[in-house]
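Structure data follow from structure_18.txt (compact mmCIF, C-alpha atoms):
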```
# COMPACT_ATOMS: atom_id res chain seq x y z
CA MET A 34 117.31 16.06 167.91
CA GLN A 35 114.27 15.97 170.20
CA SER A 36 116.05 18.07 172.81
CA CYS A 37 116.82 20.79 170.25
CA ILE A 38 113.15 20.76 169.16
CA ASP A 39 112.06 21.19 172.77
CA ILE A 40 114.49 24.06 173.38
CA CYS A 41 113.45 25.83 170.15
CA ASN A 42 109.82 25.53 171.21
CA ARG A 43 110.47 26.91 174.67
CA CYS A 44 112.52 29.74 173.22
CA ALA A 45 109.77 30.63 170.71
CA GLN A 46 107.20 30.67 173.50
CA THR A 47 109.33 32.69 175.91
CA CYS A 48 110.25 35.35 173.31
CA LEU A 49 106.65 35.75 172.09
CA GLN A 50 105.13 35.80 175.58
CA THR A 51 107.74 38.22 176.93
CA ALA A 52 107.44 40.60 173.97
CA MET A 53 103.65 40.63 173.90
CA ASN A 54 103.25 41.08 177.65
CA GLN A 55 106.25 42.29 179.63
CA CYS A 56 107.82 44.42 176.86
CA LEU A 57 104.55 46.05 175.76
CA GLU A 58 103.54 46.74 179.37
CA MET A 59 106.93 48.12 180.49
CA GLY A 60 107.38 50.27 177.36
CA GLY A 61 110.47 52.50 177.05
CA ARG A 62 113.53 50.60 175.81
CA HIS A 63 111.44 47.41 175.74
CA VAL A 64 109.45 48.66 172.75
CA GLU A 65 112.40 50.25 170.98
CA PRO A 66 111.95 49.11 167.32
CA GLU A 67 115.19 47.12 166.88
CA HIS A 68 114.76 45.28 170.16
CA PHE A 69 111.10 44.45 169.70
CA ARG A 70 111.58 43.27 166.10
CA LEU A 71 114.38 40.98 167.24
CA MET A 72 112.16 39.39 169.90
CA ILE A 73 109.33 38.71 167.43
CA CYS A 74 111.66 37.49 164.66
CA CYS A 75 113.50 35.25 167.14
CA ALA A 76 110.19 33.65 168.15
CA GLU A 77 109.24 33.05 164.51
CA MET A 78 112.65 31.63 163.57
CA CYS A 79 112.65 29.23 166.55
CA GLN A 80 109.19 27.99 165.59
CA LEU A 81 110.26 27.36 161.97
CA SER A 82 113.46 25.70 163.15
CA ALA A 83 111.47 23.30 165.34
CA ASN A 84 109.05 22.60 162.48
CA PHE A 85 111.90 21.74 160.07
CA MET A 86 113.32 19.25 162.59
CA LEU A 87 109.87 17.77 163.27
CA SER A 88 109.41 17.38 159.50
CA ASN A 89 112.81 15.72 159.16
CA SER A 90 113.88 18.20 156.48
CA PRO A 91 117.56 17.98 155.48
CA PHE A 92 117.55 21.81 155.49
CA HIS A 93 117.17 21.83 159.27
CA THR A 94 120.95 22.25 159.57
CA ARG A 95 120.71 25.51 157.61
CA THR A 96 117.70 26.83 159.53
CA CYS A 97 119.34 25.84 162.86
CA GLU A 98 122.44 27.78 161.82
CA VAL A 99 120.47 30.99 161.21
CA CYS A 100 118.37 30.34 164.31
CA ALA A 101 121.54 30.16 166.42
CA GLU A 102 122.68 33.57 165.11
CA ILE A 103 119.35 35.22 165.84
CA CYS A 104 119.11 33.68 169.32
CA GLU A 105 122.62 34.89 170.14
CA ALA A 106 121.77 38.43 169.01
CA CYS A 107 118.52 38.30 171.00
CA ALA A 108 120.30 37.08 174.16
CA LYS A 109 122.81 39.94 173.91
CA ASP A 110 120.14 42.55 173.28
CA CYS A 111 117.96 41.33 176.16
CA ALA A 112 120.97 41.23 178.50
CA SER A 113 121.91 44.83 177.68
CA ILE A 114 118.36 46.07 178.30
CA GLY A 115 117.98 44.18 181.59
CA ASP A 116 114.99 42.69 183.46
CA MET A 117 114.86 39.85 180.94
CA ASP A 118 116.80 37.04 182.61
CA GLU A 119 114.50 34.24 181.46
CA CYS A 120 114.75 35.36 177.83
CA VAL A 121 118.53 35.71 178.01
CA SER A 122 118.92 32.25 179.48
CA ILE A 123 116.66 30.35 177.04
CA CYS A 124 118.06 32.24 174.00
CA ARG A 125 121.62 31.25 175.02
CA LYS A 126 120.62 27.61 175.47
CA CYS A 127 118.80 27.62 172.13
CA ALA A 128 121.77 29.22 170.32
CA GLU A 129 124.05 26.53 171.78
CA SER A 130 121.74 23.65 170.89
CA CYS A 131 121.08 24.94 167.34
CA LYS A 132 124.79 25.47 166.72
CA GLN A 133 125.39 21.80 167.58
CA MET A 134 122.57 20.64 165.27
CA ALA A 135 123.93 22.85 162.47
CA SER A 136 127.40 21.36 162.80
CA MET A 137 126.21 17.77 162.27
CA ALA A 138 126.37 16.27 158.81
CA THR A 139 122.92 15.81 157.26
CA HIS A 140 121.47 12.84 155.37
CA MET B 181 112.50 44.83 148.61
CA GLN B 182 108.74 44.90 147.98
CA SER B 183 109.15 42.83 144.82
CA CYS B 184 111.02 40.11 146.75
CA ILE B 185 108.27 40.12 149.40
CA ASP B 186 105.64 39.66 146.68
CA ILE B 187 107.53 36.82 145.03
CA CYS B 188 108.10 35.03 148.37
CA ASN B 189 104.39 35.31 149.09
CA ARG B 190 103.38 33.93 145.72
CA CYS B 191 105.91 31.11 146.07
CA ALA B 192 104.62 30.22 149.56
CA GLN B 193 101.05 30.15 148.25
CA THR B 194 101.85 28.13 145.13
CA CYS B 195 103.87 25.49 147.02
CA LEU B 196 101.27 25.05 149.76
CA GLN B 197 98.30 24.99 147.35
CA THR B 198 100.02 22.58 144.94
CA ALA B 199 101.14 20.21 147.72
CA MET B 200 97.79 20.15 149.53
CA ASN B 201 95.71 19.69 146.37
CA GLN B 202 97.49 18.49 143.23
CA CYS B 203 100.17 16.38 144.98
CA LEU B 204 97.78 14.72 147.45
CA GLU B 205 95.24 14.02 144.70
CA MET B 206 97.73 12.66 142.15
CA GLY B 207 99.59 10.53 144.72
CA GLY B 208 102.50 8.32 143.59
CA ARG B 209 105.76 10.24 143.27
CA HIS B 210 103.91 13.41 144.30
CA VAL B 211 103.54 12.15 147.88
CA GLU B 212 106.98 10.59 148.09
CA PRO B 213 108.26 11.74 151.55
CA GLU B 214 111.31 13.74 150.44
CA HIS B 215 109.40 15.59 147.73
CA PHE B 216 106.37 16.40 149.81
CA ARG B 217 108.44 17.59 152.80
CA LEU B 218 110.39 19.89 150.51
CA MET B 219 107.18 21.46 149.16
CA ILE B 220 105.80 22.13 152.66
CA CYS B 221 109.13 23.38 154.05
CA CYS B 222 109.61 25.62 151.00
CA ALA B 223 106.19 27.19 151.63
CA GLU B 224 107.02 27.79 155.30
CA MET B 225 110.47 29.24 154.58
CA CYS B 226 109.10 31.64 151.93
CA GLN B 227 106.45 32.86 154.37
CA LEU B 228 109.05 33.50 157.09
CA SER B 229 111.35 35.18 154.59
CA ALA B 230 108.55 37.56 153.56
CA ASN B 231 107.71 38.25 157.21
CA PHE B 232 111.33 39.13 158.04
CA MET B 233 111.43 41.62 155.17
CA LEU B 234 108.05 43.08 156.14
CA SER B 235 109.36 43.46 159.71
CA ASN B 236 112.51 45.15 158.45
CA SER B 237 114.73 42.69 160.33
CA PRO B 238 118.45 42.93 159.54
CA PHE B 239 118.46 39.11 159.52
CA HIS B 240 116.38 39.08 156.33
CA THR B 241 119.61 38.69 154.35
CA ARG B 242 120.32 35.41 156.18
CA THR B 243 116.77 34.08 155.85
CA CYS B 244 116.69 35.08 152.15
CA GLU B 245 119.95 33.16 151.63
CA VAL B 246 118.50 29.95 153.08
CA CYS B 247 115.20 30.57 151.28
CA ALA B 248 117.05 30.77 147.96
CA GLU B 249 118.68 27.36 148.59
CA ILE B 250 115.39 25.69 149.47
CA CYS B 251 113.57 27.22 146.49
CA GLU B 252 116.32 26.03 144.16
CA ALA B 253 116.11 22.50 145.54
CA CYS B 254 112.32 22.59 145.27
CA ALA B 255 112.43 23.82 141.66
CA LYS B 256 114.80 20.98 140.70
CA ASP B 257 112.74 18.34 142.49
CA CYS B 258 109.47 19.54 140.94
CA ALA B 259 111.07 19.66 137.47
CA SER B 260 112.31 16.07 137.78
CA ILE B 261 108.86 14.81 138.83
CA GLY B 262 107.00 16.67 136.08
CA ASP B 263 103.49 18.15 135.80
CA MET B 264 104.51 20.99 138.13
CA ASP B 265 105.43 23.81 135.75
CA GLU B 266 103.91 26.60 137.83
CA CYS B 267 105.81 25.50 140.94
CA VAL B 268 109.09 25.16 139.05
CA SER B 269 108.72 28.62 137.56
CA ILE B 270 107.84 30.52 140.77
CA CYS B 271 110.48 28.65 142.82
CA ARG B 272 113.16 29.65 140.29
CA LYS B 273 112.04 33.28 140.36
CA CYS B 274 111.97 33.27 144.15
CA ALA B 275 115.44 31.71 144.39
CA GLU B 276 116.78 34.40 142.05
CA SER B 277 115.12 37.26 143.90
CA CYS B 278 116.17 35.98 147.36
CA LYS B 279 119.75 35.48 146.20
CA GLN B 280 119.86 39.15 145.17
CA MET B 281 118.41 40.29 148.51
CA ALA B 282 120.93 38.11 150.38
CA SER B 283 123.86 39.62 148.50
CA MET B 284 123.00 43.19 149.50
CA ALA B 285 124.70 44.73 152.52
CA THR B 286 122.32 45.19 155.42
CA HIS B 287 121.81 48.19 157.70
CA MET C 776 87.72 31.89 146.97
CA GLN C 777 90.93 33.17 145.34
CA SER C 778 89.92 36.79 145.94
CA CYS C 779 89.42 36.11 149.68
CA ILE C 780 92.85 34.44 149.80
CA ASP C 781 94.41 37.50 148.15
CA ILE C 782 92.69 39.92 150.54
CA CYS C 783 93.70 37.85 153.60
CA ASN C 784 97.29 37.87 152.40
CA ARG C 785 97.33 41.62 151.82
CA CYS C 786 95.73 42.19 155.21
CA ALA C 787 98.30 39.96 156.96
CA GLN C 788 101.13 41.83 155.24
CA THR C 789 99.73 45.30 155.94
CA CYS C 790 99.08 44.58 159.64
CA LEU C 791 102.52 43.03 160.22
CA GLN C 792 104.40 45.71 158.27
CA THR C 793 102.49 48.57 159.91
CA ALA C 794 102.93 47.16 163.44
CA MET C 795 106.62 46.37 163.06
CA ASN C 796 107.53 49.68 161.44
CA GLN C 797 105.07 52.57 161.78
CA CYS C 798 103.66 51.58 165.20
CA LEU C 799 107.04 50.81 166.79
CA GLU C 800 108.56 54.01 165.37
CA MET C 801 105.69 56.32 166.34
CA GLY C 802 105.32 54.81 169.84
CA GLY C 803 102.72 56.26 172.24
CA ARG C 804 99.23 54.90 171.63
CA HIS C 805 100.61 52.84 168.73
CA VAL C 806 102.45 50.52 171.13
CA GLU C 807 99.71 50.39 173.72
CA PRO C 808 99.50 46.64 174.61
CA GLU C 809 95.90 45.95 173.52
CA HIS C 810 96.32 47.73 170.20
CA PHE C 811 99.65 46.19 169.32
CA ARG C 812 98.54 42.66 170.25
CA LEU C 813 95.50 43.05 168.04
CA MET C 814 97.63 44.07 165.05
CA ILE C 815 99.98 41.08 165.44
CA CYS C 816 97.15 38.60 166.11
CA CYS C 817 95.19 39.96 163.14
CA ALA C 818 98.21 39.37 160.89
CA GLU C 819 98.61 35.80 162.17
CA MET C 820 94.90 34.98 161.85
CA CYS C 821 94.75 36.32 158.26
CA GLN C 822 97.75 34.20 157.32
CA LEU C 823 96.19 31.05 158.79
CA SER C 824 92.87 31.86 157.15
CA ALA C 825 94.57 32.14 153.74
CA ASN C 826 96.47 28.88 154.36
CA PHE C 827 93.25 26.99 155.21
CA MET C 828 91.65 28.17 151.96
CA LEU C 829 94.78 27.32 149.96
CA SER C 830 94.73 23.85 151.55
CA ASN C 831 91.06 23.43 150.70
CA SER C 832 90.20 22.60 154.31
CA PRO C 833 86.45 22.37 155.08
CA PHE C 834 87.24 24.27 158.30
CA HIS C 835 88.04 27.42 156.30
CA THR C 836 84.48 28.62 156.95
CA ARG C 837 85.17 28.54 160.70
CA THR C 838 88.56 30.21 160.46
CA CYS C 839 87.15 32.86 158.08
CA GLU C 840 84.40 33.56 160.61
CA VAL C 841 86.88 34.24 163.43
CA CYS C 842 89.16 36.13 161.01
CA ALA C 843 86.25 38.46 160.13
CA GLU C 844 85.70 39.26 163.83
CA ILE C 845 89.36 40.02 164.46
CA CYS C 846 89.67 42.16 161.30
CA GLU C 847 86.58 44.15 162.32
CA ALA C 848 88.00 44.77 165.80
CA CYS C 849 91.36 45.74 164.29
CA ALA C 850 89.74 48.17 161.81
CA LYS C 851 87.84 49.88 164.64
CA ASP C 852 90.89 50.09 166.88
CA CYS C 853 93.10 51.50 164.11
CA ALA C 854 90.40 54.04 163.15
CA SER C 855 90.12 55.30 166.73
CA ILE C 856 93.90 55.73 167.03
CA GLY C 857 94.26 57.50 163.70
CA ASP C 858 97.08 57.77 161.11
CA MET C 859 96.36 54.19 160.01
CA ASP C 860 94.10 54.61 156.99
CA GLU C 861 95.64 51.78 154.95
CA CYS C 862 95.20 49.31 157.81
CA VAL C 863 91.61 50.40 158.45
CA SER C 864 90.71 50.02 154.79
CA ILE C 865 92.25 46.57 154.20
CA CYS C 866 90.93 45.20 157.54
CA ARG C 867 87.39 46.29 156.58
CA LYS C 868 87.67 44.67 153.15
CA CYS C 869 89.07 41.49 154.70
CA ALA C 870 86.30 41.34 157.32
CA GLU C 871 83.70 41.69 154.56
CA SER C 872 85.27 39.06 152.32
CA CYS C 873 85.77 36.57 155.18
CA LYS C 874 82.19 37.05 156.36
CA GLN C 875 80.98 36.08 152.89
CA MET C 876 83.23 32.99 152.79
CA ALA C 877 82.03 31.97 156.26
CA SER C 878 78.38 32.19 155.23
CA MET C 879 78.80 29.78 152.30
CA ALA C 880 78.01 26.10 152.76
CA THR C 881 81.14 23.97 152.86
CA HIS C 882 81.97 20.63 151.16
CA MET D 46 95.98 28.81 180.76
CA GLN D 47 99.59 27.57 180.74
CA SER D 48 98.43 23.95 180.67
CA CYS D 49 96.28 24.62 177.59
CA ILE D 50 99.25 26.31 175.90
CA ASP D 51 101.41 23.27 176.63
CA ILE D 52 98.81 20.83 175.31
CA CYS D 53 98.28 22.90 172.12
CA ASN D 54 102.02 22.91 171.56
CA ARG D 55 102.34 19.16 172.04
CA CYS D 56 99.37 18.57 169.76
CA ALA D 57 100.84 20.83 167.04
CA GLN D 58 104.15 18.96 167.26
CA THR D 59 102.61 15.49 167.27
CA CYS D 60 100.33 16.18 164.28
CA LEU D 61 103.10 17.77 162.18
CA GLN D 62 105.69 15.11 163.06
CA THR D 63 103.27 12.22 162.47
CA ALA D 64 102.02 13.62 159.15
CA MET D 65 105.46 14.45 157.76
CA ASN D 66 107.04 11.14 158.79
CA GLN D 67 104.72 8.25 159.61
CA CYS D 68 101.89 9.21 157.22
CA LEU D 69 104.14 10.01 154.26
CA GLU D 70 106.17 6.83 154.83
CA MET D 71 103.19 4.51 155.28
CA GLY D 72 101.23 5.98 152.34
CA GLY D 73 97.84 4.51 151.41
CA ARG D 74 95.02 5.86 153.55
CA HIS D 75 97.56 7.92 155.50
CA VAL D 76 98.08 10.25 152.52
CA GLU D 77 94.44 10.35 151.48
CA PRO D 78 93.83 14.11 150.79
CA GLU D 79 91.13 14.77 153.42
CA HIS D 80 93.04 13.00 156.17
CA PHE D 81 96.40 14.56 155.42
CA ARG D 82 94.96 18.08 155.10
CA LEU D 83 93.26 17.68 158.47
CA MET D 84 96.55 16.67 160.13
CA ILE D 85 98.42 19.69 158.72
CA CYS D 86 95.58 22.15 159.43
CA CYS D 87 95.22 20.78 162.97
CA ALA D 88 98.93 21.39 163.59
CA GLU D 89 98.68 24.97 162.27
CA MET D 90 95.52 25.76 164.26
CA CYS D 91 97.05 24.43 167.51
CA GLN D 92 100.14 26.57 166.97
CA LEU D 93 98.04 29.72 166.39
CA SER D 94 95.87 28.88 169.38
CA ALA D 95 98.94 28.62 171.61
CA ASN D 96 100.32 31.89 170.20
CA PHE D 97 97.04 33.75 170.92
CA MET D 98 97.14 32.57 174.54
CA LEU D 99 100.83 33.44 174.88
CA SER D 100 100.03 36.91 173.50
CA ASN D 101 97.16 37.31 175.93
CA SER D 102 94.71 38.13 173.12
CA PRO D 103 91.04 38.32 174.17
CA PHE D 104 90.27 36.42 170.94
CA HIS D 105 91.94 33.29 172.34
CA THR D 106 88.49 32.06 173.41
CA ARG D 107 87.35 32.14 169.76
CA THR D 108 90.49 30.50 168.42
CA CYS D 109 90.36 27.84 171.17
CA GLU D 110 86.76 27.11 170.19
CA VAL D 111 87.68 26.45 166.55
CA CYS D 112 90.82 24.58 167.64
CA ALA D 113 88.67 22.23 169.75
CA GLU D 114 86.47 21.42 166.73
CA ILE D 115 89.44 20.69 164.48
CA CYS D 116 91.17 18.55 167.12
CA GLU D 117 87.99 16.54 167.65
CA ALA D 118 87.65 15.92 163.91
CA CYS D 119 91.34 14.98 163.70
CA ALA D 120 91.06 12.54 166.64
CA LYS D 121 88.07 10.80 165.00
CA ASP D 122 89.76 10.61 161.61
CA CYS D 123 93.01 9.23 163.06
CA ALA D 124 91.07 6.67 165.15
CA SER D 125 89.19 5.40 162.10
CA ILE D 126 92.40 4.99 160.08
CA GLY D 127 94.28 3.22 162.87
CA ASP D 128 97.96 2.99 163.86
CA MET D 129 97.81 6.57 165.19
CA ASP D 130 97.19 6.14 168.91
CA GLU D 131 99.48 8.98 170.01
CA CYS D 132 97.76 11.43 167.68
CA VAL D 133 94.28 10.32 168.76
CA SER D 134 95.17 10.71 172.42
CA ILE D 135 96.78 14.18 172.25
CA CYS D 136 94.05 15.52 169.89
CA ARG D 137 91.38 14.41 172.36
CA LYS D 138 93.19 16.05 175.28
CA CYS D 139 93.69 19.23 173.28
CA ALA D 140 90.02 19.36 172.23
CA GLU D 141 88.99 18.98 175.87
CA SER D 142 91.40 21.62 177.14
CA CYS D 143 90.51 24.13 174.37
CA LYS D 144 86.79 23.62 174.96
CA GLN D 145 87.30 24.58 178.61
CA MET D 146 89.32 27.68 177.68
CA ALA D 147 86.65 28.69 175.15
CA SER D 148 83.90 28.43 177.75
CA MET D 149 85.58 30.85 180.17
CA ALA D 150 84.65 34.52 180.17
CA THR D 151 87.36 36.68 178.63
CA HIS D 152 88.95 39.95 179.82
```

Mind converting the file's structure to structure tokens?
Amino acid sequence: MQSCIDICNRCAQTCLQTAMNQCLEMGGRHVEPEHFRLMICCAEMCQLSANFMLSNSPFHTRTCEVCAEICEACAKDCASIGDMDECVSICRKCAESCKQMASMATH
Amino acid sequence: MQSCIDICNRCAQTCLQTAMNQCLEMGGRHVEPEHFRLMICCAEMCQLSANFMLSNSPFHTRTCEVCAEICEACAKDCASIGDMDECVSICRKCAESCKQMASMATH
Amino acid sequence: MQSCIDICNRCAQTCLQTAMNQCLEMGGRHVEPEHFRLMICCAEMCQLSANFMLSNSPFHTRTCEVCAEICEACAKDCASIGDMDECVSICRKCAESCKQMASMATH
Amino acid sequence: MQSCIDICNRCAQTCLQTAMNQCLEMGGRHVEPEHFRLMICCAEMCQLSANFMLSNSPFHTRTCEVCAEICEACAKDCASIGDMDECVSICRKCAESCKQMASMATH
């Protein structure tokens, strides 16, 4: 579980940092509403997902499941816009790791 | 949607305030790990759920779905422990409202 | 204290909702990096400020103090950009209310 | 700045994980209201502090300043209760790192 926590944390940091710096400074498609919202919501979901695992909540399987969906959507969106390789890569890893956590039986 | 945002916010506030004051001060079953974790995680999930709706994220239907499950579990747990009528009542309302949001088609 | 909690919550909601919808959709000066960062950081600080008061933390005077500074800066920035009357008004109220909380003796 | 972000993140994780597992399971002084509130508020402040730095907000010096105070108080409290060496150590490091960030000129 610790490795999924670490990946969620790195993904939250990368999405927030990229959105609030690179995206805002490049403008254009990078601040297109649907893309920018997805980056910010992905960061927030990854942070909550990590917090649920840290807190040992049995609902972490459910939050990891939703987190995996959002990370997958964010990876696709970032890949189609381009110039966001780091974001694409960490979002894919996070989606994979969260999907595995979600598939484990809880309690 | 605004009414669901308002209910999620009130539920987040009530759970956090009750856990950090009443539960910690009463002790006993109120600080039993599974109960206390549920209160804190419920507060965090309701806050994220409200933020996703405020941000107009299409994933709000997914986060509302999980929020409804956690609120329902929290309402049941608080009811079985007793002395937590306000929490029980707002968690039930929030579960109901989030379930409705989750069942609507998005975008 | 409850009225300051309510104002902080409304301010957090207004800043997040305005940034993620109106600002992203209008573009131009509304997504200028310094302005947009301030809106998002103001929303996050108001939420933390409310949570510290709800948790009855003695550090709420310190977080309210910083929250007042950020809300004041956000009100000024929104006023200079224009078309953001609701944000200007709630940020000013929140700055005022947080300044009062910060000036009270704690414990 | 990246090293302060990393330390804030580790401190947020350690405080939340320790509070929601070790403290709740050990009970007694570990769930005494003032101690437990401090742990949870410290975790939340460290997370916000990291987010302000990631977002490149000029207010990160102010949030780091308050974060340093809370981490110092949390380190002292954990040390006096005992059995919390990891928390004491990371809170001290985080207080030190945030104090340095706060003392730097911004912009």

TODO: For a cut-off of 7 Å around (109.3, 11.2, 153.6), file coordinates, pick out all residues using all atoms listed in the file and list them as a PyMOL selection string.
DONE: (chain B and resi 212-214+217) or (chain D and resi 65-66+69-70)

TODO: Go through D:Met129, D:Cys60, D:Met84, D:Ala147 one by one, measure the shortest atom-to-atom distance of each to chain A using all atoms listed in the file, and give the residue with the smallest value.
DONE: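 So, comparing all the options, the nearest one is D:Cys60.
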
TODO: May I have the residues of chain C within 9 Å of chain D, counting all atoms listed in the file, written as a list in words?
DONE: Glu809, Arg812, Leu813, Cys816, Glu819, Met820, Leu823, Asn826, Phe827, Ser830, Asn831, Ser832, Pro833, Phe834, Arg837, Thr838, Val841, Glu844 and Ile845 of chain C

Taking all listed atoms of segment 94-108 of chain D, build the axis-aligned box, pad each of the six sides by 8 Å, then write its centre and edge lengths in Å to one decimal as lines of an AutoDock Vina configuration file.
```
center_x = 94.1
center_y = 33.5
center_z = 172.2
size_x = 29.5
size_y = 25.7
size_z = 23.5
```

- [ ] Excluding Cys278 of chain B and residues on its chain fewer than 3 positions from it, collect all residues at most 6 Å away from it, counting all atoms listed in the file, and give them as a VMD selection string.
- [x] chain B and resid 244 248 274 to 275 281

Neighbours of Asn42 of chain A within 10 Å (only C-alpha atoms; same-chain residues fewer than 2 positions away dropped), as an mmCIF file with C-alpha atoms, keeping the file's coordinate frame?
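Below is the file around.cif, written as the result:
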```cif
data_model
loop_
_atom_site.group_PDB
_atom_site.id
_atom_site.type_symbol
_atom_site.label_atom_id
_atom_site.label_comp_id
_atom_site.auth_asym_id
_atom_site.auth_seq_id
_atom_site.Cartn_x
_atom_site.Cartn_y
_atom_site.Cartn_z
ATOM 1 C CA SER A 36 116.050 18.070 172.810
ATOM 2 C CA CYS A 37 116.820 20.790 170.250
ATOM 3 C CA ILE A 38 113.150 20.760 169.160
ATOM 4 C CA ASP A 39 112.060 21.190 172.770
ATOM 5 C CA ILE A 40 114.490 24.060 173.380
ATOM 6 C CA CYS A 44 112.520 29.740 173.220
ATOM 7 C CA ALA A 45 109.770 30.630 170.710
ATOM 8 C CA GLN A 46 107.200 30.670 173.500
ATOM 9 C CA THR A 47 109.330 32.690 175.910
ATOM 10 C CA ALA A 76 110.190 33.650 168.150
ATOM 11 C CA CYS A 79 112.650 29.230 166.550
ATOM 12 C CA GLN A 80 109.190 27.990 165.590
ATOM 13 C CA LEU A 81 110.260 27.360 161.970
ATOM 14 C CA SER A 82 113.460 25.700 163.150
ATOM 15 C CA ALA A 83 111.470 23.300 165.340
ATOM 16 C CA ASN A 84 109.050 22.600 162.480
ATOM 17 C CA CYS A 127 118.800 27.620 172.130
ATOM 18 C CA ASN D 54 102.020 22.910 171.560
ATOM 19 C CA ARG D 55 102.340 19.160 172.040
ATOM 20 C CA GLN D 58 104.150 18.960 167.260
#
```

TODO: Would you mind listing what lies within 10 Å of Gly73 of chain D as a ChimeraX atom specification, with all atoms listed in the file counted and same-chain residues fewer than 5 positions away left out?
DONE: /B:207-208 /D:68

Open item on the list: One decimal, in Å: what's the spacing between atom CA of Lys132 of chain A and atom CA of Glu105 of chain A?
Closed with: 10.3 Å

Task: Nearest to Val268 of chain B, chosen from B:Met233, B:Met206, B:Ala255, B:Met284, with all atoms listed in the file counted in the distances - done: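 For Val268 of chain B, the nearest of the candidates is B:Ala255.
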
Open item on the list: What's the separation between atom CA of Lys851 of chain C and atom CA of Thr836 of chain C, in Å to one decimal place?
Closed with: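 Rounded to one decimal, the two atoms are 22.9 Å apart.
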
Task: Atom-to-atom span, atom CA of Gln62 of chain D and atom CA of Cys116 of chain D, Å - done: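 Result for atom CA of Gln62 of chain D versus atom CA of Cys116 of chain D: 15.5 Å, one decimal.
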
TODO: Give as a ChimeraX atom specification every residue, naming chains and numbers as the document does, that has an atom within 9 Å of (91.7, 11.1, 168.0), counting only C-alpha atoms.
DONE: /D:116-125,129-138

File contents for segment 854-869 of chain C with N, CA and C atoms as a compact mmCIF listing (two decimals), in the first residue's frame:
```
# COMPACT_ATOMS: atom_id res chain seq x y z
N ALA C 854 -10.78 43.28 -8.12
CA ALA C 854 -11.36 44.60 -8.39
C ALA C 854 -10.64 45.27 -9.56
N SER C 855 -9.33 45.08 -9.65
CA SER C 855 -8.58 45.73 -10.73
C SER C 855 -8.83 45.08 -12.08
N ILE C 856 -9.18 43.79 -12.06
CA ILE C 856 -9.47 43.08 -13.31
C ILE C 856 -10.89 43.37 -13.80
N GLY C 857 -11.81 43.48 -12.85
CA GLY C 857 -13.19 43.80 -13.20
C GLY C 857 -14.04 42.57 -13.48
N ASP C 858 -15.38 42.78 -13.55
CA ASP C 858 -16.34 41.69 -13.80
C ASP C 858 -16.31 40.62 -12.72
N MET C 859 -15.86 40.97 -11.50
CA MET C 859 -15.78 39.97 -10.45
C MET C 859 -16.34 40.51 -9.13
N ASP C 860 -17.48 41.19 -9.23
CA ASP C 860 -18.02 41.88 -8.06
C ASP C 860 -18.31 40.95 -6.88
N GLU C 861 -18.83 39.75 -7.16
CA GLU C 861 -19.18 38.84 -6.08
C GLU C 861 -17.92 38.42 -5.32
N CYS C 862 -16.87 38.13 -6.06
CA CYS C 862 -15.60 37.73 -5.45
C CYS C 862 -15.00 38.87 -4.61
N VAL C 863 -15.01 40.06 -5.16
CA VAL C 863 -14.48 41.23 -4.44
C VAL C 863 -15.22 41.39 -3.12
N SER C 864 -16.53 41.31 -3.18
CA SER C 864 -17.35 41.56 -1.99
C SER C 864 -17.14 40.51 -0.90
N ILE C 865 -17.14 39.22 -1.27
CA ILE C 865 -16.99 38.18 -0.24
C ILE C 865 -15.55 38.15 0.29
N CYS C 866 -14.55 38.43 -0.56
CA CYS C 866 -13.16 38.47 -0.09
C CYS C 866 -12.96 39.61 0.93
N ARG C 867 -13.61 40.75 0.67
CA ARG C 867 -13.48 41.87 1.63
C ARG C 867 -14.12 41.52 2.96
N LYS C 868 -15.31 40.92 2.90
CA LYS C 868 -16.00 40.51 4.14
C LYS C 868 -15.16 39.50 4.90
N CYS C 869 -14.58 38.55 4.17
CA CYS C 869 -13.80 37.49 4.80
C CYS C 869 -12.53 38.06 5.43
```
